[in-house]
$ cat target.txt   # compact mmCIF, C-alpha atoms
# COMPACT_ATOMS: atom_id res chain seq x y z
CA MET A 63 0.00 0.00 0.00
CA THR A 64 1.29 3.45 -0.87
CA VAL A 65 0.98 6.07 1.86
CA ILE A 66 2.04 9.57 2.67
CA ASP A 67 3.20 9.47 6.26
CA GLY A 68 2.75 12.48 8.48
CA PRO A 69 2.29 14.97 9.74
CA ALA A 70 5.01 16.83 7.88
CA VAL A 71 6.95 19.70 9.38
CA PHE A 72 5.53 23.09 8.45
CA PRO A 73 7.03 26.58 9.02
CA SER A 74 5.53 28.82 11.70
CA ASP A 75 3.42 30.91 9.31
CA THR A 76 1.76 27.79 7.86
CA SER A 77 -1.08 25.87 9.50
CA LEU A 78 -2.18 22.31 8.70
CA ILE A 79 -5.91 22.09 7.98
CA TYR A 80 -6.36 18.47 6.91
CA TRP A 81 -4.20 15.37 6.75
CA SER A 82 -4.83 11.92 5.30
CA TRP A 83 -2.71 9.18 3.80
CA GLY A 84 -3.09 10.76 0.38
CA THR A 85 -3.75 14.49 0.84
CA ALA A 86 -2.52 17.40 2.93
CA ILE A 87 -4.29 20.77 2.96
CA PHE A 88 -2.52 23.67 4.64
CA TYR A 89 -2.82 27.44 4.83
CA SER A 90 -0.06 30.04 4.45
CA SER A 91 -0.37 33.70 5.33
CA LEU A 92 2.40 34.62 2.88
CA SER A 93 1.57 36.59 -0.25
CA GLY A 94 3.47 37.80 -3.29
CA ASP A 95 6.03 35.58 -5.00
CA VAL A 96 6.47 32.39 -3.00
CA LYS A 97 8.42 29.17 -3.28
CA VAL A 98 6.78 25.90 -2.15
CA THR A 99 9.25 23.14 -1.29
CA VAL A 100 8.26 19.52 -0.77
CA ARG A 101 10.61 16.87 0.56
CA ALA A 102 9.76 13.18 0.58
CA LYS A 103 11.48 9.86 1.17
CA GLU A 104 10.83 6.62 -0.67
CA ASP A 105 11.41 3.48 1.42
CA TYR A 106 12.59 1.44 -1.55
CA ALA A 107 15.41 2.77 -3.70
CA GLY A 108 14.46 0.94 -6.90
CA ASP A 109 12.54 3.36 -9.11
CA GLN A 110 13.47 6.52 -7.16
CA HIS A 111 10.37 8.40 -8.17
CA ALA A 112 7.44 10.04 -6.43
CA LEU A 113 4.76 12.27 -7.93
CA PHE A 114 2.55 14.88 -6.26
CA ILE A 115 -0.16 17.34 -7.31
CA VAL A 116 0.03 20.81 -5.72
CA ARG A 117 -3.00 23.11 -5.92
CA CYS A 118 -2.65 26.79 -5.04
CA ALA A 119 -4.75 29.85 -5.87
CA GLY A 120 -6.61 28.02 -8.63
CA LEU A 121 -3.41 26.65 -10.19
CA VAL A 122 -2.65 22.94 -10.47
CA ASP A 123 0.97 21.79 -10.76
CA THR A 124 2.68 18.41 -10.88
CA LEU A 125 5.79 18.00 -8.73
CA GLU A 126 8.19 15.12 -9.29
CA ILE A 127 10.77 13.90 -6.78
CA ASN A 128 13.32 11.81 -8.60
CA THR A 129 15.69 10.45 -5.98
CA THR A 130 15.16 8.29 -2.94
CA TYR A 131 15.23 11.31 -0.61
CA PHE A 132 15.07 14.74 -2.17
CA SER A 133 13.47 18.16 -2.15
CA ASN A 134 11.76 19.74 -5.13
CA TYR A 135 9.90 23.01 -5.42
CA LEU A 136 7.40 25.15 -7.31
CA ILE A 137 7.36 28.94 -7.77
CA TYR A 138 4.07 30.86 -7.60
CA ASP A 139 3.96 34.47 -8.77
CA ASP A 140 2.03 37.11 -6.82
CA VAL A 141 -0.32 34.90 -4.80
CA SER A 142 -2.50 36.05 -1.93
CA ALA A 143 -2.59 34.25 1.41
CA SER A 144 -3.99 30.92 0.34
CA ASP A 145 -4.89 27.30 0.98
CA TYR A 146 -2.54 24.76 -0.60
CA GLU A 147 -3.42 21.16 -1.34
CA LEU A 148 -0.72 18.52 -1.75
CA SER A 149 -1.91 15.16 -3.11
CA PHE A 150 0.02 12.01 -3.80
CA ILE A 151 -0.66 10.76 -7.33
CA ASN A 152 1.21 7.53 -7.92
CA ASP A 153 4.36 5.63 -7.22
CA PHE A 154 5.43 2.76 -9.43
CA PRO A 155 5.01 0.02 -8.43
CA ASN A 156 2.31 1.15 -6.05
CA GLU A 157 3.22 -1.07 -3.10
CA ARG A 158 6.24 1.06 -2.24
CA ASN A 159 5.88 3.59 0.56
CA VAL A 160 6.49 7.31 0.14
CA HIS A 161 6.78 9.41 3.31
CA LEU A 162 6.30 13.16 3.22
CA ASP A 163 9.03 14.82 5.29
CA TYR A 164 8.27 18.51 5.07
CA VAL A 165 6.43 21.20 3.18
CA GLU A 166 7.90 24.69 3.30
CA ILE A 167 6.50 27.95 1.91
CA GLU A 168 8.78 30.99 1.83
CA PRO A 169 8.89 34.37 0.07
CA MET A 170 11.13 34.31 -3.00
CA GLN A 171 13.15 37.32 -1.88
CA SER A 172 14.25 35.43 1.24
CA VAL A 173 15.61 32.39 -0.59
CA PRO A 174 19.39 32.41 -0.11
CA ASP A 175 21.99 31.51 -2.68
CA THR A 176 22.59 27.79 -2.33
CA GLY A 177 25.05 25.24 -3.64
CA LYS A 178 25.26 21.54 -4.40
CA VAL A 179 27.91 18.84 -4.07
CA LEU A 180 28.31 15.27 -5.29
CA ILE A 181 29.57 12.84 -2.62
CA GLU A 182 31.12 9.51 -3.73
CA TRP A 183 32.60 6.62 -1.74
CA ASP A 184 34.05 3.13 -2.22
CA PRO A 185 31.50 0.27 -2.09
CA ASN A 186 31.17 -1.98 0.95
CA GLU A 187 31.89 -5.63 0.07
CA GLU A 188 29.71 -7.38 2.67
CA PRO A 189 27.07 -9.71 1.13
CA ASP A 190 24.25 -8.46 3.40
CA LEU A 191 24.76 -4.81 2.51
CA ALA A 192 21.44 -2.94 2.37
CA GLY A 193 22.49 0.65 1.80
CA TYR A 194 24.35 3.75 2.90
CA LYS A 195 23.74 6.94 4.85
CA VAL A 196 25.37 10.34 4.32
CA TYR A 197 25.88 12.73 7.23
CA TYR A 198 27.04 16.34 7.16
CA GLY A 199 27.37 19.43 9.32
CA THR A 200 29.23 22.70 9.66
CA GLU A 201 31.65 21.35 12.31
CA SER A 202 34.09 18.48 12.01
CA ARG A 203 32.69 15.28 13.58
CA LYS A 204 29.45 17.05 14.52
CA TYR A 205 26.81 16.15 11.92
CA THR A 206 23.39 17.74 12.08
CA LYS A 207 21.77 16.27 8.95
CA SER A 208 21.64 12.79 7.45
CA TYR A 209 20.20 11.07 4.39
CA ASP A 210 19.46 7.40 3.82
CA VAL A 211 20.59 7.14 0.19
CA GLY A 212 19.94 3.44 -0.43
CA ASP A 213 22.29 1.09 -2.25
CA THR A 214 24.35 3.58 -4.22
CA THR A 215 27.92 4.86 -3.90
CA GLN A 216 27.22 8.48 -4.78
CA PHE A 217 24.72 11.12 -3.72
CA LYS A 218 24.15 14.72 -4.80
CA LEU A 219 23.13 17.18 -2.08
CA TYR A 220 21.29 20.39 -2.95
CA TRP A 221 20.39 23.61 -1.11
CA LEU A 222 23.69 23.74 0.77
CA PRO A 223 24.83 27.00 2.41
CA MET A 224 27.37 29.14 0.59
CA ASN A 225 30.73 30.28 2.00
CA VAL A 226 30.46 27.83 4.90
CA ARG A 227 32.81 24.85 5.24
CA LEU A 228 30.82 21.61 5.32
CA TYR A 229 31.98 18.21 6.60
CA PHE A 230 30.71 14.90 5.19
CA VAL A 231 30.92 11.21 6.14
CA ALA A 232 29.17 8.04 5.01
CA THR A 233 28.14 4.84 6.77
CA ALA A 234 26.98 1.44 5.50
CA TYR A 235 24.14 -0.60 6.97
CA ASP A 236 23.04 -4.21 6.52
CA THR A 237 19.69 -6.00 6.48
CA VAL A 238 19.43 -6.33 10.30
CA PRO A 239 20.05 -3.31 10.22
CA ASN A 240 23.48 -2.75 11.76
CA GLU A 241 25.21 0.52 10.88
CA SER A 242 28.96 0.90 10.42
CA LEU A 243 31.22 3.49 11.97
CA PHE A 244 31.71 6.78 10.12
CA SER A 245 33.93 6.77 7.06
CA ASN A 246 36.85 9.12 6.64
CA GLU A 247 35.64 12.71 6.74
CA VAL A 248 35.80 15.00 3.71
CA ASP A 249 35.06 18.70 3.65
CA THR A 250 34.34 21.42 1.11
CA LEU A 251 33.68 25.15 0.92
CA ILE A 252 31.18 26.23 -1.75
CA GLU A 253 32.11 29.76 -2.72
CA SER A 254 29.42 32.30 -3.53
CA GLU A 255 29.91 32.36 -7.28
CA VAL A 256 29.34 28.61 -7.61
CA PHE A 257 25.65 27.83 -7.34
CA GLU A 258 22.91 26.57 -9.54
CA TYR A 259 20.53 29.44 -10.14
CA ARG A 260 22.80 32.16 -11.44
CA LYS A 261 23.29 29.95 -14.46
CA GLY A 262 21.15 31.61 -17.08
CA ASP A 263 21.10 35.07 -15.46
CA TRP A 264 23.00 36.91 -18.19
CA ASN A 265 22.49 40.46 -16.87
CA LYS A 266 22.85 39.50 -13.17
CA ASP A 267 19.57 41.08 -12.08
CA ARG A 268 18.72 38.04 -9.91
CA LYS A 269 15.88 36.86 -12.11
CA ILE A 270 15.61 34.72 -15.23
CA SER A 271 13.59 36.91 -17.59
CA LEU A 272 12.97 37.68 -21.25
CA ILE A 273 16.30 39.53 -21.46
CA ASP A 274 18.12 36.31 -20.57
CA ILE A 275 16.08 34.28 -23.07
CA VAL A 276 16.97 36.74 -25.86
CA GLN A 277 20.66 36.50 -25.01
CA PHE A 278 20.47 32.72 -24.78
CA THR A 279 18.82 32.52 -28.21
CA LYS A 280 21.64 34.61 -29.73
CA ARG A 281 24.18 32.15 -28.35
CA PHE A 282 22.44 28.88 -29.13
CA GLY A 283 24.74 26.62 -31.13
CA ALA A 284 27.94 28.41 -30.06
CA ILE A 285 30.92 26.41 -28.83
CA LEU A 286 33.96 27.38 -26.78
CA GLY A 287 36.14 29.75 -28.80
CA ASN A 288 33.19 31.21 -30.71
CA PRO A 289 32.65 34.92 -29.87
CA GLU A 290 28.99 34.16 -29.06
CA TYR A 291 29.83 31.42 -26.54
CA ASP A 292 28.93 32.45 -22.97
CA LYS A 293 29.42 30.06 -20.03
CA VAL A 294 26.39 31.61 -18.30
CA PHE A 295 24.25 29.50 -20.64
CA ASP A 296 26.41 26.35 -20.65
CA PHE A 297 24.54 24.53 -17.87
CA ASP A 298 26.38 21.20 -18.19
CA GLU A 299 29.75 22.89 -18.82
CA ASP A 300 30.54 20.82 -21.92
CA ASN A 301 31.76 23.92 -23.84
CA LYS A 302 28.78 24.05 -26.19
CA ILE A 303 25.28 25.52 -26.00
CA TYR A 304 22.75 23.06 -27.34
CA LEU A 305 19.52 21.14 -26.58
CA TYR A 306 20.36 20.26 -22.96
CA ASP A 307 20.90 23.95 -22.19
CA ILE A 308 17.55 24.86 -23.76
CA VAL A 309 15.85 22.41 -21.40
CA GLN A 310 17.63 23.85 -18.37
CA ILE A 311 16.89 27.52 -19.07
CA THR A 312 13.27 26.63 -19.83
CA LYS A 313 13.02 24.98 -16.39
CA ILE A 314 14.22 28.08 -14.53
CA TYR A 315 12.55 30.76 -16.69
CA GLY A 316 10.77 33.18 -14.36
CA LEU A 317 12.91 32.25 -11.36
CA ILE A 318 13.77 35.01 -8.89
CA TYR A 319 16.60 34.34 -6.45
$ encode --input "target.txt" --output "structure tokens"
Amino acid sequence: MTVIDGPAVFPSDTSLIYWSWGTAIFYSSLSGDVKVTVRAKEDYAGDQHALFIVRCAGLVDTLEINTTYFSNYLIYDDVSASDYELSFINDFPNERNVHLDYVEIEPMQSVPDTGKVLIEWDPNEEPDLAGYKVYYGTESRKYTKSYDVGDTTQFKLYWLPMNVRLYFVATAYDTVPNESLFSNEVDTLIESEVFEYRKGDWNKDRKISLIDIVQFTKRFGAILGNPEYDKVFDFDEDNKIYLYDIVQITKIYGLIY
């Protein structure tokens, strides 16, 4: 049976109105441009996919979560204080459990610059291995957040703070489950110019608008060395601006950060 577990964690300006195994209805007093973030966890790491419907101010959006444990978000422009409805649609196959972890609504102007990192580790060789967990924090050997990432040897973390040194470790767990000691610790500092959402912002006005689309169109097809090439539009950093980059700038068009 597929369920949404709960209740989820909501910010202080949001109140939960209704909760069931398939639907959550909540109210937010925020207005203007808002960002709605949903985080969920799938118990089984096989298909790594969950799908939700979000209804707000007469709009209906589909929100996909495409890893075992991951946040995704929607942007709503100029909404009034409103009821939001979050409904689980389907998970394939449908006997796998999806647990809703939190729903967060925040004004777009308050969303900080954030970064991402890819963590990789050597596989554990034990035959009863069930999966891995990743831990991190802002102090060495003091980890405040953790993710159960399933049976994989790499994990990408999003929405990380900028200009703050972060420390990461991994553990392995078996089918009992017993969990191993922490791995060797690694650390990184994500500097302010390295984050996802300034990609595409050609004029650096902190929004992805028509101006950026016009400039992107002028540079479509350019490769490194061509006078029209601009790394602002090279989302996958392969030194050419092509179909993948069109998809990426389309996804973030209208974004304010």
$ residues_around --input "target.txt" --residues "segment 180-182 of chain A" --least-positions-apart "6" --cutoff "10 Å" --atoms "only C-alpha atoms" --output "PyMOL selection string"
chain A and resi 196+214-220+230-232+248
$ write_last_selection --input "target.txt" --atoms "C-alpha atoms" --output "PDB file, in the coordinates of the input"
ATOM      1  CA  VAL A 196      25.370  10.340   4.320  1.00  0.00           C
ATOM      2  CA  THR A 214      24.350   3.580  -4.220  1.00  0.00           C
ATOM      3  CA  THR A 215      27.920   4.860  -3.900  1.00  0.00           C
ATOM      4  CA  GLN A 216      27.220   8.480  -4.780  1.00  0.00           C
ATOM      5  CA  PHE A 217      24.720  11.120  -3.720  1.00  0.00           C
ATOM      6  CA  LYS A 218      24.150  14.720  -4.800  1.00  0.00           C
ATOM      7  CA  LEU A 219      23.130  17.180  -2.080  1.00  0.00           C
ATOM      8  CA  TYR A 220      21.290  20.390  -2.950  1.00  0.00           C
ATOM      9  CA  PHE A 230      30.710  14.900   5.190  1.00  0.00           C
ATOM     10  CA  VAL A 231      30.920  11.210   6.140  1.00  0.00           C
ATOM     11  CA  ALA A 232      29.170   8.040   5.010  1.00  0.00           C
ATOM     12  CA  VAL A 248      35.800  15.000   3.710  1.00  0.00           C
TER      13      VAL A 248
END
$ atom_distance --input "target.txt" --atom1 "atom CA of Ala86 of chain A" --atom2 "atom CA of Asp139 of chain A"
21.7 Å
$ closest_residue --input "target.txt" --among "A:Tyr198, A:Phe114, A:Tyr304, A:Tyr89" --to "Pro223 of chain A" --atoms "all atoms listed in the file"
A:Tyr198
$ atom_distance --input "target.txt" --atom1 "atom CA of Ile311 of chain A" --atom2 "atom CA of Asn288 of chain A"
20.4 Å
$ closest_residue --input "target.txt" --among "A:Leu191, A:Val165, A:Val276, A:Ile308" --to "Glu241 of chain A" --atoms "all atoms listed in the file"
A:Leu191
$ residues_near_point --input "target.txt" --point "(5.6, 21.9, -3.0)" --cutoff "10 Å" --atoms "all atoms listed in the file" --output "ChimeraX atom specification"
/A:97-101,114-118,123-126,133-137,146-148,164-167
$ atom_distance --input "target.txt" --atom1 "atom CA of Gly262 of chain A" --atom2 "atom CA of Thr200 of chain A"
29.3 Å
$ closest_residue --input "target.txt" --among "A:Gly199, A:Pro289, A:Gly193, A:Gly316" --to "Val211 of chain A" --atoms "all atoms listed in the file"
A:Gly193
$ closest_residue --input "target.txt" --among "A:Asp274, A:Asp145, A:Asp292, A:Glu201" --to "Glu247 of chain A" --atoms "all atoms listed in the file"
A:Glu201
$ closest_residue --input "target.txt" --among "A:Ser142, A:Thr233, A:Ser149, A:Asn225" --to "Asp184 of chain A" --atoms "all atoms listed in the file"
A:Thr233
